[in-house]
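Structure file coords.csv (CSV, C-alpha atoms) is printed below.
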chain,number,residue,atom,x,y,z
O,1,MET,CA,15.4,-6.0,11.4
O,2,LEU,CA,12.3,-3.8,10.8
O,3,LEU,CA,11.8,-1.5,13.7
O,4,LEU,CA,8.3,-0.4,14.6
O,5,ALA,CA,6.9,2.1,17.1
O,6,ALA,CA,4.1,1.3,19.5
O,7,ALA,CA,1.3,3.8,19.6
O,8,ALA,CA,2.2,4.9,23.1
O,9,ALA,CA,5.9,5.3,22.2
O,10,ALA,CA,7.7,8.3,20.8
O,11,GLN,CA,5.5,10.7,18.9
O,12,ASP,CA,7.9,10.6,16.0
O,13,PRO,CA,8.1,6.8,15.1
O,14,PRO,CA,11.1,5.7,13.1
O,15,ASP,CA,11.3,5.7,9.3
O,16,VAL,CA,11.0,2.1,8.1
O,17,THR,CA,11.8,2.7,4.5
O,18,PRO,CA,13.5,-0.5,3.2
O,19,GLY,CA,17.3,-0.4,3.7
O,20,PRO,CA,20.0,-1.7,1.5
O,21,GLY,CA,18.9,-4.8,-0.3
O,22,LEU,CA,15.3,-4.0,0.7
O,23,LYS,CA,16.1,-5.1,4.3
O,24,GLY,CA,12.9,-5.9,6.2
O,25,TRP,CA,10.9,-6.3,3.0
O,26,HIS,CA,10.7,-9.0,0.3
O,27,VAL,CA,9.2,-9.4,-3.2
O,28,SER,CA,6.3,-11.9,-3.5
O,29,GLN,CA,7.2,-14.8,-5.8
O,30,VAL,CA,3.6,-16.0,-6.0
O,31,ASN,CA,1.5,-12.9,-6.5
O,32,HIS,CA,-0.5,-13.2,-9.7
O,33,HIS,CA,0.7,-9.7,-10.9
O,34,GLY,CA,4.3,-11.1,-11.2
O,35,ASN,CA,7.6,-10.6,-9.4
O,36,THR,CA,9.0,-7.4,-10.8
O,37,SER,CA,12.1,-5.9,-9.3
O,38,TRP,CA,12.1,-3.0,-6.8
O,39,LYS,CA,15.0,-0.7,-5.8
O,40,VAL,CA,15.9,1.8,-3.2
O,41,GLU,CA,17.9,4.9,-4.2
O,42,GLN,CA,18.6,7.9,-1.9
O,43,GLY,CA,15.7,6.8,0.4
O,44,VAL,CA,13.2,6.4,-2.5
O,45,VAL,CA,11.6,3.0,-3.0
O,46,SER,CA,10.5,2.5,-6.6
O,47,GLY,CA,9.0,-0.2,-8.8
O,48,THR,CA,8.0,-0.6,-12.4
O,49,GLN,CA,7.1,-3.3,-14.8
O,50,ASP,CA,10.6,-4.6,-15.6
O,51,HIS,CA,9.1,-6.6,-18.4
O,52,LYS,CA,5.9,-5.9,-20.2
O,53,ASP,CA,2.8,-7.0,-18.2
O,54,ILE,CA,5.0,-8.1,-15.2
O,55,GLY,CA,4.1,-6.2,-12.0
O,56,GLY,CA,4.2,-7.4,-8.4
O,57,ILE,CA,4.2,-6.5,-4.7
O,58,LEU,CA,6.8,-5.7,-2.2
O,59,LEU,CA,5.8,-7.0,1.3
O,60,THR,CA,7.0,-6.4,4.8
O,61,ASP,CA,8.6,-9.4,6.4
O,62,ALA,CA,6.6,-8.8,9.6
O,63,LYS,CA,2.9,-9.1,10.1
O,64,HIS,CA,0.7,-6.4,11.6
O,65,ARG,CA,-2.8,-6.2,13.0
O,66,ASN,CA,-4.0,-2.7,13.9
O,67,PHE,CA,-1.7,-0.1,12.5
O,68,GLU,CA,-1.1,3.1,10.6
O,69,ILE,CA,1.2,3.4,7.7
O,70,ALA,CA,2.3,6.8,6.4
O,71,PHE,CA,4.5,7.7,3.4
O,72,GLU,CA,5.0,10.2,0.6
O,73,MET,CA,4.4,9.0,-3.0
O,74,LYS,CA,5.1,10.3,-6.5
O,75,PRO,CA,3.8,8.0,-9.2
O,76,ASP,CA,4.3,8.7,-12.9
O,77,TYR,CA,1.0,9.5,-14.6
O,78,GLY,CA,-0.5,6.3,-16.0
O,79,CYS,CA,0.6,4.0,-13.1
O,80,ASP,CA,-1.8,1.7,-11.4
O,81,GLY,CA,-0.8,0.3,-8.0
O,82,GLY,CA,-2.0,-0.1,-4.5
O,83,LEU,CA,-1.2,-0.3,-0.8
O,84,PHE,CA,-2.1,-3.7,0.7
O,85,LEU,CA,-3.3,-4.0,4.3
O,86,ARG,CA,-3.2,-7.3,6.2
O,87,ALA,CA,-1.9,-9.1,3.1
O,88,ASN,CA,-0.8,-12.7,2.7
O,89,GLU,CA,2.0,-13.8,0.5
O,90,LYS,CA,-0.3,-14.1,-2.5
O,91,GLY,CA,-1.4,-10.5,-2.0
O,92,GLU,CA,-4.9,-11.2,-0.9
O,93,ALA,CA,-5.7,-8.1,1.2
O,94,TYR,CA,-7.6,-5.0,1.7
O,95,GLN,CA,-6.2,-2.6,-0.9
O,96,VAL,CA,-6.0,1.2,-0.7
O,97,MET,CA,-6.1,2.1,-4.4
O,98,LEU,CA,-3.2,4.1,-5.9
O,99,ASP,CA,-4.5,4.1,-9.4
O,100,TYR,CA,-3.4,7.0,-11.5
O,101,LEU,CA,-4.9,5.9,-14.8
O,102,PRO,CA,-8.0,7.5,-16.3
O,103,GLY,CA,-11.0,6.3,-14.4
O,104,GLY,CA,-8.8,5.1,-11.6
O,105,ASN,CA,-9.0,6.1,-7.9
O,106,MET,CA,-6.6,7.2,-5.3
O,107,GLY,CA,-7.4,6.3,-1.7
O,108,GLY,CA,-10.5,4.2,-2.2
O,109,VAL,CA,-10.7,0.7,-0.8
O,110,TYR,CA,-10.9,-2.5,-2.8
O,111,GLY,CA,-10.8,-6.2,-1.8
O,112,GLU,CA,-7.7,-7.6,-3.7
O,113,GLY,CA,-8.5,-11.3,-4.2
O,114,LEU,CA,-11.3,-11.1,-1.6
O,115,LYS,CA,-14.9,-12.1,-2.3
O,116,ASN,CA,-17.9,-9.9,-1.6
O,117,VAL,CA,-16.1,-6.7,-0.6
O,118,LYS,CA,-18.1,-3.8,-1.9
O,119,GLY,CA,-15.4,-1.2,-1.1
O,120,VAL,CA,-15.6,2.5,-1.6
O,121,GLN,CA,-14.3,5.2,-4.0
O,122,ALA,CA,-12.5,8.3,-2.6
O,123,ASP,CA,-12.9,11.9,-3.7
O,124,TRP,CA,-9.2,12.6,-4.1
O,125,GLU,CA,-8.6,14.9,-7.0
O,126,LYS,CA,-9.3,18.1,-5.1
O,127,VAL,CA,-6.4,17.4,-2.6
O,128,TRP,CA,-3.9,15.7,-5.0
O,129,LYS,CA,-0.8,17.6,-6.1
O,130,LYS,CA,0.1,16.7,-9.7
O,131,ASP,CA,3.8,16.0,-10.5
O,132,ASP,CA,4.7,16.4,-6.8
O,133,TRP,CA,5.2,14.4,-3.7
O,134,ASN,CA,1.9,13.7,-1.8
O,135,SER,CA,1.5,12.4,1.7
O,136,VAL,CA,-0.7,9.4,2.3
O,137,ARG,CA,-1.7,7.9,5.7
O,138,ALA,CA,-3.8,4.8,6.1
O,139,ARG,CA,-5.2,3.1,9.2
O,140,ILE,CA,-6.8,-0.3,9.7
O,141,GLU,CA,-8.2,-1.6,12.9
O,142,GLY,CA,-10.7,-4.0,14.3
O,143,GLU,CA,-11.6,-7.7,13.6
O,144,ILE,CA,-14.1,-6.3,11.1
O,145,PRO,CA,-11.8,-3.9,9.4
O,146,HIS,CA,-12.3,-0.2,9.7
O,147,ILE,CA,-10.1,1.7,7.2
O,148,GLN,CA,-9.4,5.4,7.0
O,149,VAL,CA,-7.2,7.2,4.5
O,150,TRP,CA,-5.8,10.7,4.6
O,151,MET,CA,-4.2,12.5,1.7
O,152,ASN,CA,-2.1,15.6,2.3
O,153,GLY,CA,-3.7,15.8,5.7
O,154,VAL,CA,-7.3,15.5,4.5
O,155,ARG,CA,-9.3,12.4,5.3
O,156,ILE,CA,-10.8,11.1,2.1
O,157,THR,CA,-11.9,7.6,3.2
O,158,ASP,CA,-13.7,6.4,6.3
O,159,TRP,CA,-15.1,2.9,5.6
O,160,THR,CA,-16.0,-0.2,7.6
O,161,ASP,CA,-16.5,-3.6,6.0
O,162,THR,CA,-19.7,-5.6,6.6
O,163,GLU,CA,-17.6,-8.5,8.0
O,164,ASN,CA,-14.0,-9.7,7.8
O,165,HIS,CA,-13.4,-11.0,4.3
O,166,LEU,CA,-9.8,-12.0,4.6
O,167,PRO,CA,-8.9,-15.7,4.0
O,168,GLU,CA,-9.7,-17.8,7.0
O,169,GLY,CA,-10.8,-14.7,8.9
O,170,ALA,CA,-7.2,-13.5,9.4
O,171,VAL,CA,-6.9,-10.4,11.7
O,172,ASP,CA,-3.3,-9.6,10.7
O,173,GLY,CA,-1.0,-9.7,7.8
O,174,MET,CA,1.8,-8.1,5.9
O,175,ILE,CA,1.8,-4.6,4.4
O,176,ALA,CA,2.7,-4.3,0.7
O,177,VAL,CA,3.0,-1.8,-2.1
O,178,GLN,CA,2.1,-2.8,-5.7
O,179,VAL,CA,2.9,-2.3,-9.3
O,180,HIS,CA,0.0,-3.6,-11.3
O,181,GLY,CA,0.6,-6.3,-13.9
O,182,GLY,CA,-0.9,-6.6,-17.3
O,183,SER,CA,-1.9,-3.6,-19.4
O,184,ARG,CA,-2.9,-1.6,-16.3
O,185,CYS,CA,0.7,-0.2,-16.3
O,186,SER,CA,3.6,0.1,-18.6
O,187,PRO,CA,7.4,-0.5,-18.3
O,188,GLY,CA,9.2,2.7,-17.5
O,189,LEU,CA,6.4,4.2,-15.5
O,190,TYR,CA,7.4,4.2,-11.8
O,191,HIS,CA,5.6,4.2,-8.5
O,192,ARG,CA,7.8,6.0,-5.9
O,193,PHE,CA,7.5,5.9,-2.1
O,194,ARG,CA,9.7,7.6,0.6
O,195,LYS,CA,9.6,8.3,4.3
O,196,ILE,CA,7.6,5.1,5.0
O,197,VAL,CA,6.6,4.9,8.7
O,198,ILE,CA,4.6,2.1,10.3
O,199,GLN,CA,3.1,2.5,13.7
O,200,ASP,CA,1.4,-0.4,15.5
O,201,LEU,CA,-1.8,0.5,17.4
O,202,LYS,CA,-3.2,-1.2,20.5
I need this file expressed as structure tokens, please.
Amino acid sequence: MLLLAAAAAAQDPPDVTPGPGLKGWHVSQVNHHGNTSWKVEQGVVSGTQDHKDIGGILLTDAKHRNFEIAFEMKPDYGCDGGLFLRANEKGEAYQVMLDYLPGGNMGGVYGEGLKNVKGVQADWEKVWKKDDWNSVRARIEGEIPHIQVWMNGVRITDWTDTENHLPEGAVDGMIAVQVHGGSRCSPGLYHRFRKIVIQDLK
């Protein structure tokens, strides 16, 4: 069972990193990036293209509406991935970009599979620590999504959509981490996450 902390509960909500066998999380079998394998070793969740061009997403079993997610990440240089907020099984969601390729963006917002989302780029390079663990915190709230992103304690994104662009106007969904499919990543390059904490908000 995936345990969550309410906003008014303990100030230090529990770590919800996937347990043995990715307990509380599952790999999407219908995401267009693929269904690559994920693993948990010594508290670190990692994913790579297990076959050339085959990426995918790892989703929470539970759905969330207004929430914060915080974690530490250490991607290999050249990885392209994302953090999906209010996602459905296909991975249609508001995506916080975790793109470490040249010309990519860390912490900006993109509409993954959504129409007419203009999104925003983040000024992230001045706060990013290369070849080290970096803390990321993202918050989404409101029927018309308001998304904020902090990196290493610095807010780098504060963006509100013009309307709710999720399929059928959904106001909740799953949370996911992604390894990009196709040539936007390469087998053997890993996205790594640890100390994942999810906190539901009122």
Quiz item: Can you tell me, as a ChimeraX atom specification, what residues are no more than 12 Å from range 38-50 of chain O when counting only C-alpha atoms, ignoring any on the same chain fewer than 4 positions away?
Solution: /O:15-23,25-28,33-34,54-59,71-76,78-82,133,177-196
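Proximity ranking of O:Met106, O:Met174, O:Asp132, O:Leu114 relative to Met151 in chain O places O:Met106 first, based on only C-alpha atoms.
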Exercise. Could you tell me which of O:Val120, O:Val154, O:Val171, O:Val109 comes closest to Asn134 in chain O if we count only C-alpha atoms?
Key: O:Val154
Practice problem: Kindly give the distance, in Å, that separates CA of Lys118 in chain O and CA of Glu68 in chain O, rounded to a single decimal. | Solution: 22.2 Å
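With distances restricted to all atoms listed in the file, O:Ala62 is the closest residue to Arg86 in chain O from O:Ala62, O:Val149, O:Leu101, O:Ile156.
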Quiz prompt | Selected residue, from O:Ile198, O:Ala70, O:Leu166, O:Val30, that lies nearest to Lys90 in chain O when counting only C-alpha atoms | solution = O:Val30
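Between CA of Thr60 in chain O and CA of Val197 in chain O the separation is 12.0 Å.
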Quiz item: With all atoms listed in the file as the basis for distance, which of O:Ile69, O:Ile140, O:Ala170, O:Ala176 is at the shortest distance from Glu89 in chain O?
Solution: O:Ala176
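Distances here use all atoms listed in the file; by that measure, the residue among O:Asn152, O:Asn66, O:Asn116, O:Asn88 closest to Asn164 in chain O is O:Asn116.
Across the model, the gap from CA of Glu143 in chain O to CA of Gln199 in chain O is 17.9 Å.
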Self-check item: 10 Å contact set for Thr160 in chain O, all atoms listed in the file, chain neighbours under 2 positions out, as a list of chain:residue names
Solution: O:Val109, O:Gly119, O:Val120, O:Ile140, O:Glu141, O:Gly142, O:Ile144, O:Pro145, O:His146, O:Ile147, O:Gln148, O:Thr157, O:Asp158, O:Thr162, O:Glu163, O:Asn164
Quiz item: Within 7 Å of (13.6, -9.4, -14.0), in the coordinates the file gives, what residues turn up when you count only C-alpha atoms, written out as a PyMOL selection string?
Solution: chain O and resi 36-37+50-51
